[in-house]
Amino acid sequence: MPHSFGYRARTRYMFARKFRQHGALHLSTYLKTYKVGDIVDVIGNGAVQKGLPHKFYHGKTGVVYNVTKAAVGVIVHKRVGNRYLEKRINVRIEHVHHSKCRDDFLRRVKENAAKAKASRESGERVQLKRQPAQPREARFVSTKNNEPTTIAAIPYDTLI
């Protein structure tokens, strides 16, 4: 067979619907609100061919810059050679989801604000920065009733 270079070439599994996920989309997909500045994940949905993004943008994260009644405009950064180009793509809302990339950060901001308020009231200093995983605590292993054993490889022996 000749090698094809079509717009949707090599997307057999990328845009295929998952097992038991075929059919019409849930209405909640259309009821989500997108605002300018929202961070969204572009994930092509094979059940809707209109407004489907190019396969390169599948799984990419971008920022909404334009909202229309059926679609959103998303700014995605594309690596070309040694630089990143700002690409503006128009995608129907079936193919975007609100990104969860900032959820952990926003949760930490709220927790830190609460900790800072509590520390101001109590007058204690509290550590708000994340700490890397520290080395394990030192421990002493007793050899009383626990003789060390020497472990050596078993010599190779043919079974014939």
# chains A, B, ... in the order shown; residues from 1 in each chain; ligands from 1

call {"tool": "select_by_dssp", "arguments": {"residues": "stretch 44-156 of chain A", "states": "strand (DSSP E)", "output": "CSV table (one decimal) with N, CA, C and O atoms, in the first residue's frame"}}
result
chain,number,residue,atom,x,y,z
A,60,LYS,N,-2.6,18.2,24.2
A,60,LYS,CA,-1.9,19.5,24.6
A,60,LYS,C,-2.7,20.4,25.5
A,60,LYS,O,-3.9,20.3,25.4
A,61,THR,N,-2.0,21.2,26.3
A,61,THR,CA,-2.7,22.1,27.2
A,61,THR,C,-2.5,23.5,26.7
A,61,THR,O,-1.4,23.9,26.3
A,62,GLY,N,-3.6,24.3,26.7
A,62,GLY,CA,-3.5,25.7,26.3
A,62,GLY,C,-4.4,26.6,27.0
A,62,GLY,O,-5.1,26.2,28.0
A,63,VAL,N,-4.4,27.9,26.6
A,63,VAL,CA,-5.2,28.9,27.3
A,63,VAL,C,-6.3,29.4,26.4
A,63,VAL,O,-6.0,29.7,25.2
A,64,VAL,N,-7.5,29.5,26.9
A,64,VAL,CA,-8.6,30.0,26.0
A,64,VAL,C,-8.4,31.5,25.8
A,64,VAL,O,-8.2,32.3,26.7
A,65,TYR,N,-8.5,31.9,24.5
A,65,TYR,CA,-8.4,33.3,24.2
A,65,TYR,C,-9.7,33.9,23.5
A,65,TYR,O,-9.8,35.1,23.4
A,66,ASN,N,-10.6,33.0,23.1
A,66,ASN,CA,-11.8,33.4,22.4
A,66,ASN,C,-12.9,32.4,22.7
A,66,ASN,O,-12.6,31.2,22.7
A,67,VAL,N,-14.1,32.8,22.9
A,67,VAL,CA,-15.2,31.9,23.1
A,67,VAL,C,-16.3,32.3,22.2
A,67,VAL,O,-16.7,33.5,22.1
A,71,ALA,N,-17.7,26.9,20.0
A,71,ALA,CA,-16.3,26.6,20.0
A,71,ALA,C,-15.5,27.5,20.9
A,71,ALA,O,-16.1,28.5,21.4
A,72,VAL,N,-14.3,27.2,21.1
A,72,VAL,CA,-13.3,28.1,21.8
A,72,VAL,C,-12.0,28.2,21.0
A,72,VAL,O,-11.7,27.3,20.3
A,73,GLY,N,-11.4,29.4,21.1
A,73,GLY,CA,-10.1,29.5,20.6
A,73,GLY,C,-9.1,29.3,21.7
A,73,GLY,O,-9.2,29.8,22.8
A,74,VAL,N,-8.0,28.5,21.3
A,74,VAL,CA,-7.1,28.1,22.3
A,74,VAL,C,-5.7,28.4,21.8
A,74,VAL,O,-5.3,28.2,20.7
A,75,ILE,N,-4.9,29.0,22.7
A,75,ILE,CA,-3.5,29.3,22.4
A,75,ILE,C,-2.6,28.1,22.9
A,75,ILE,O,-2.7,27.8,24.1
A,76,VAL,N,-1.9,27.4,22.0
A,76,VAL,CA,-1.1,26.3,22.4
A,76,VAL,C,0.3,26.6,21.9
A,76,VAL,O,0.5,27.2,20.8
A,77,HIS,N,1.3,26.2,22.7
A,77,HIS,CA,2.7,26.5,22.3
A,77,HIS,C,3.2,25.2,21.6
A,77,HIS,O,3.2,24.1,22.1
A,78,LYS,N,3.7,25.4,20.4
A,78,LYS,CA,4.2,24.3,19.6
A,78,LYS,C,5.7,24.4,19.4
A,78,LYS,O,6.2,25.5,19.0
A,79,ARG,N,6.5,23.3,19.7
A,79,ARG,CA,7.9,23.4,19.5
A,79,ARG,C,8.3,23.1,18.0
A,79,ARG,O,7.9,22.1,17.5
A,80,VAL,N,9.0,24.1,17.5
A,80,VAL,CA,9.4,24.0,16.1
A,80,VAL,C,10.9,24.3,16.1
A,80,VAL,O,11.3,25.4,16.3
A,83,ARG,N,12.7,26.5,19.1
A,83,ARG,CA,11.9,27.6,19.6
A,83,ARG,C,10.4,27.1,19.8
A,83,ARG,O,10.0,26.0,19.3
A,84,TYR,N,9.6,27.9,20.5
A,84,TYR,CA,8.2,27.6,20.7
A,84,TYR,C,7.4,28.6,20.0
A,84,TYR,O,7.6,29.8,20.2
A,85,LEU,N,6.5,28.2,19.1
A,85,LEU,CA,5.6,29.1,18.4
A,85,LEU,C,4.2,29.1,19.1
A,85,LEU,O,3.7,28.1,19.5
A,86,GLU,N,3.6,30.3,19.2
A,86,GLU,CA,2.3,30.4,19.8
A,86,GLU,C,1.3,30.1,18.7
A,86,GLU,O,1.2,30.9,17.7
A,87,LYS,N,0.6,29.0,18.8
A,87,LYS,CA,-0.4,28.6,17.8
A,87,LYS,C,-1.8,28.9,18.3
A,87,LYS,O,-2.1,28.6,19.5
A,88,ARG,N,-2.6,29.5,17.5
A,88,ARG,CA,-4.0,29.8,17.9
A,88,ARG,C,-4.9,28.8,17.1
A,88,ARG,O,-5.0,28.9,15.9
A,89,ILE,N,-5.6,27.9,17.8
A,89,ILE,CA,-6.5,27.0,17.1
A,89,ILE,C,-7.9,27.2,17.6
A,89,ILE,O,-8.1,27.6,18.8
A,90,ASN,N,-8.8,26.9,16.7
A,90,ASN,CA,-10.3,27.0,17.0
A,90,ASN,C,-10.8,25.6,17.1
A,90,ASN,O,-10.7,24.8,16.1
A,91,VAL,N,-11.3,25.2,18.3
A,91,VAL,CA,-11.8,23.9,18.5
A,91,VAL,C,-13.2,23.9,19.1
A,91,VAL,O,-13.5,24.7,19.9
A,92,ARG,N,-14.0,23.0,18.6
A,92,ARG,CA,-15.3,22.9,19.2
A,92,ARG,C,-15.2,22.4,20.7
A,92,ARG,O,-14.3,21.7,21.0
A,96,VAL,N,-12.5,19.8,24.1
A,96,VAL,CA,-11.7,20.5,25.2
A,96,VAL,C,-12.3,20.1,26.5
A,96,VAL,O,-13.5,19.8,26.7
A,97,HIS,N,-11.4,20.1,27.5
A,97,HIS,CA,-11.8,19.8,28.9
A,97,HIS,C,-11.0,20.8,29.8
A,97,HIS,O,-9.9,21.2,29.4
A,98,HIS,N,-11.7,21.2,30.9
A,98,HIS,CA,-10.9,22.1,31.8
A,98,HIS,C,-9.7,21.3,32.4
A,98,HIS,O,-9.9,20.1,32.8

call {"tool": "select_by_dssp", "arguments": {"residues": "stretch 49-124 of chain A", "states": "alpha helix (DSSP H)", "output": "list of chain:residue names"}}
result
A:Asp103, A:Asp104, A:Phe105, A:Leu106, A:Arg107, A:Arg108, A:Val109, A:Lys110, A:Glu111, A:Asn112, A:Ala113, A:Ala114, A:Lys115, A:Ala116, A:Lys117, A:Ala118, A:Ser119, A:Arg120, A:Glu121, A:Ser122

call {"tool": "write_last_selection", "arguments": {"atoms": "N, CA and C atoms", "output": "PDB file, in the first residue's frame"}}
result
ATOM      1  N   ASP A 103      -5.040  22.530  39.869  1.00  0.00           N
ATOM      2  CA  ASP A 103      -5.840  22.185  41.041  1.00  0.00           C
ATOM      3  C   ASP A 103      -4.987  22.016  42.289  1.00  0.00           C
ATOM      4  N   ASP A 104      -3.871  21.297  42.158  1.00  0.00           N
ATOM      5  CA  ASP A 104      -3.006  21.057  43.313  1.00  0.00           C
ATOM      6  C   ASP A 104      -2.400  22.371  43.809  1.00  0.00           C
ATOM      7  N   PHE A 105      -1.997  23.226  42.860  1.00  0.00           N
ATOM      8  CA  PHE A 105      -1.416  24.514  43.230  1.00  0.00           C
ATOM      9  C   PHE A 105      -2.432  25.381  43.977  1.00  0.00           C
ATOM     10  N   LEU A 106      -3.653  25.460  43.456  1.00  0.00           N
ATOM     11  CA  LEU A 106      -4.677  26.287  44.105  1.00  0.00           C
ATOM     12  C   LEU A 106      -5.057  25.728  45.475  1.00  0.00           C
ATOM     13  N   ARG A 107      -5.072  24.402  45.603  1.00  0.00           N
ATOM     14  CA  ARG A 107      -5.347  23.784  46.905  1.00  0.00           C
ATOM     15  C   ARG A 107      -4.252  24.152  47.898  1.00  0.00           C
ATOM     16  N   ARG A 108      -2.983  24.115  47.455  1.00  0.00           N
ATOM     17  CA  ARG A 108      -1.871  24.479  48.346  1.00  0.00           C
ATOM     18  C   ARG A 108      -1.924  25.942  48.738  1.00  0.00           C
ATOM     19  N   VAL A 109      -2.339  26.812  47.819  1.00  0.00           N
ATOM     20  CA  VAL A 109      -2.448  28.243  48.128  1.00  0.00           C
ATOM     21  C   VAL A 109      -3.458  28.455  49.254  1.00  0.00           C
ATOM     22  N   LYS A 110      -4.609  27.771  49.170  1.00  0.00           N
ATOM     23  CA  LYS A 110      -5.635  27.911  50.214  1.00  0.00           C
ATOM     24  C   LYS A 110      -5.137  27.370  51.550  1.00  0.00           C
ATOM     25  N   GLU A 111      -4.483  26.202  51.501  1.00  0.00           N
ATOM     26  CA  GLU A 111      -3.956  25.618  52.742  1.00  0.00           C
ATOM     27  C   GLU A 111      -2.910  26.534  53.371  1.00  0.00           C
ATOM     28  N   ASN A 112      -2.013  27.077  52.555  1.00  0.00           N
ATOM     29  CA  ASN A 112      -0.968  27.955  53.075  1.00  0.00           C
ATOM     30  C   ASN A 112      -1.556  29.235  53.654  1.00  0.00           C
ATOM     31  N   ALA A 113      -2.605  29.762  53.027  1.00  0.00           N
ATOM     32  CA  ALA A 113      -3.231  30.973  53.561  1.00  0.00           C
ATOM     33  C   ALA A 113      -3.838  30.682  54.933  1.00  0.00           C
ATOM     34  N   ALA A 114      -4.467  29.518  55.071  1.00  0.00           N
ATOM     35  CA  ALA A 114      -5.047  29.147  56.363  1.00  0.00           C
ATOM     36  C   ALA A 114      -3.954  28.944  57.413  1.00  0.00           C
ATOM     37  N   LYS A 115      -2.861  28.279  57.022  1.00  0.00           N
ATOM     38  CA  LYS A 115      -1.747  28.065  57.958  1.00  0.00           C
ATOM     39  C   LYS A 115      -1.120  29.389  58.371  1.00  0.00           C
ATOM     40  N   ALA A 116      -0.949  30.305  57.412  1.00  0.00           N
ATOM     41  CA  ALA A 116      -0.337  31.600  57.714  1.00  0.00           C
ATOM     42  C   ALA A 116      -1.223  32.402  58.668  1.00  0.00           C
ATOM     43  N   LYS A 117      -2.528  32.348  58.456  1.00  0.00           N
ATOM     44  CA  LYS A 117      -3.445  33.068  59.341  1.00  0.00           C
ATOM     45  C   LYS A 117      -3.387  32.497  60.753  1.00  0.00           C
ATOM     46  N   ALA A 118      -3.365  31.159  60.858  1.00  0.00           N
ATOM     47  CA  ALA A 118      -3.288  30.523  62.172  1.00  0.00           C
ATOM     48  C   ALA A 118      -1.966  30.836  62.863  1.00  0.00           C
ATOM     49  N   SER A 119      -0.881  30.879  62.088  1.00  0.00           N
ATOM     50  CA  SER A 119       0.424  31.153  62.702  1.00  0.00           C
ATOM     51  C   SER A 119       0.520  32.603  63.175  1.00  0.00           C
ATOM     52  N   ARG A 120      -0.121  33.531  62.461  1.00  0.00           N
ATOM     53  CA  ARG A 120      -0.120  34.928  62.897  1.00  0.00           C
ATOM     54  C   ARG A 120      -0.876  35.079  64.211  1.00  0.00           C
ATOM     55  N   GLU A 121      -1.980  34.342  64.333  1.00  0.00           N
ATOM     56  CA  GLU A 121      -2.759  34.425  65.569  1.00  0.00           C
ATOM     57  C   GLU A 121      -2.019  33.813  66.750  1.00  0.00           C
ATOM     58  N   SER A 122      -1.324  32.694  66.488  1.00  0.00           N
ATOM     59  CA  SER A 122      -0.616  32.018  67.583  1.00  0.00           C
ATOM     60  C   SER A 122       0.773  32.596  67.811  1.00  0.00           C
TER      61      SER A 122
END

call {"tool": "atom_distance", "arguments": {"atom1": "atom CA of A:Asp38", "atom2": "atom CA of A:Arg130"}}
result
25.8 Å

call {"tool": "residues_around", "arguments": {"residues": "A:Ile43", "least_positions_apart": "3", "cutoff": "6 Å", "atoms": "only C-alpha atoms", "output": "list in words"}}
result
His58, Gly59, His95 and Val96 of chain A

call {"tool": "write_last_selection", "arguments": {"atoms": "N, CA, C and O atoms", "output": "PDB file, in the first residue's frame"}}
result
ATOM      1  N   HIS A  58      -3.606  16.946  19.978  1.00  0.00           N
ATOM      2  CA  HIS A  58      -4.289  15.995  20.862  1.00  0.00           C
ATOM      3  C   HIS A  58      -3.466  15.794  22.128  1.00  0.00           C
ATOM      4  O   HIS A  58      -2.301  15.406  22.075  1.00  0.00           O
ATOM      5  N   GLY A  59      -4.054  16.109  23.280  1.00  0.00           N
ATOM      6  CA  GLY A  59      -3.356  15.955  24.559  1.00  0.00           C
ATOM      7  C   GLY A  59      -2.579  17.182  24.995  1.00  0.00           C
ATOM      8  O   GLY A  59      -1.977  17.177  26.069  1.00  0.00           O
ATOM      9  N   HIS A  95     -14.171  18.906  22.154  1.00  0.00           N
ATOM     10  CA  HIS A  95     -12.781  18.462  22.101  1.00  0.00           C
ATOM     11  C   HIS A  95     -11.892  19.139  23.144  1.00  0.00           C
ATOM     12  O   HIS A  95     -10.660  19.034  23.061  1.00  0.00           O
ATOM     13  N   VAL A  96     -12.485  19.849  24.098  1.00  0.00           N
ATOM     14  CA  VAL A  96     -11.684  20.473  25.162  1.00  0.00           C
ATOM     15  C   VAL A  96     -12.255  20.111  26.526  1.00  0.00           C
ATOM     16  O   VAL A  96     -13.453  19.840  26.669  1.00  0.00           O
TER      17      VAL A  96
END

call {"tool": "residues_around", "arguments": {"residues": "A:His26", "least_positions_apart": "5", "cutoff": "12 Å", "atoms": "only C-alpha atoms", "output": "list of chain:residue names"}}
result
A:Gln21, A:Leu31, A:Lys32, A:Ala47, A:Glu94

call {"tool": "closest_atom_pairs", "arguments": {"of": "stretch 25-78 of chain A", "to": "stretch 7-10 of chain A", "cutoff": "12 Å", "atoms": "only C-alpha atoms", "output": "CSV"}}
result
residue,atom,partner,partner_atom,distance
A:Gly44,CA,A:Arg8,CA,11.5
A:Gly46,CA,A:Arg8,CA,11.1
A:Gln49,CA,A:Arg8,CA,10.9
A:Leu52,CA,A:Arg8,CA,10.0
A:Pro53,CA,A:Arg8,CA,9.8
A:His54,CA,A:Tyr7,CA,7.2
A:Lys55,CA,A:Arg8,CA,6.8
A:Phe56,CA,A:Arg8,CA,10.0
A:His58,CA,A:Arg8,CA,11.6

call {"tool": "atom_distance", "arguments": {"atom1": "atom CA of A:Asn146", "atom2": "atom CA of A:Gln134"}}
result
28.9 Å

call {"tool": "atom_distance", "arguments": {"atom1": "atom CA of A:Ala70", "atom2": "atom CA of A:Tyr30"}}
result
8.5 Å
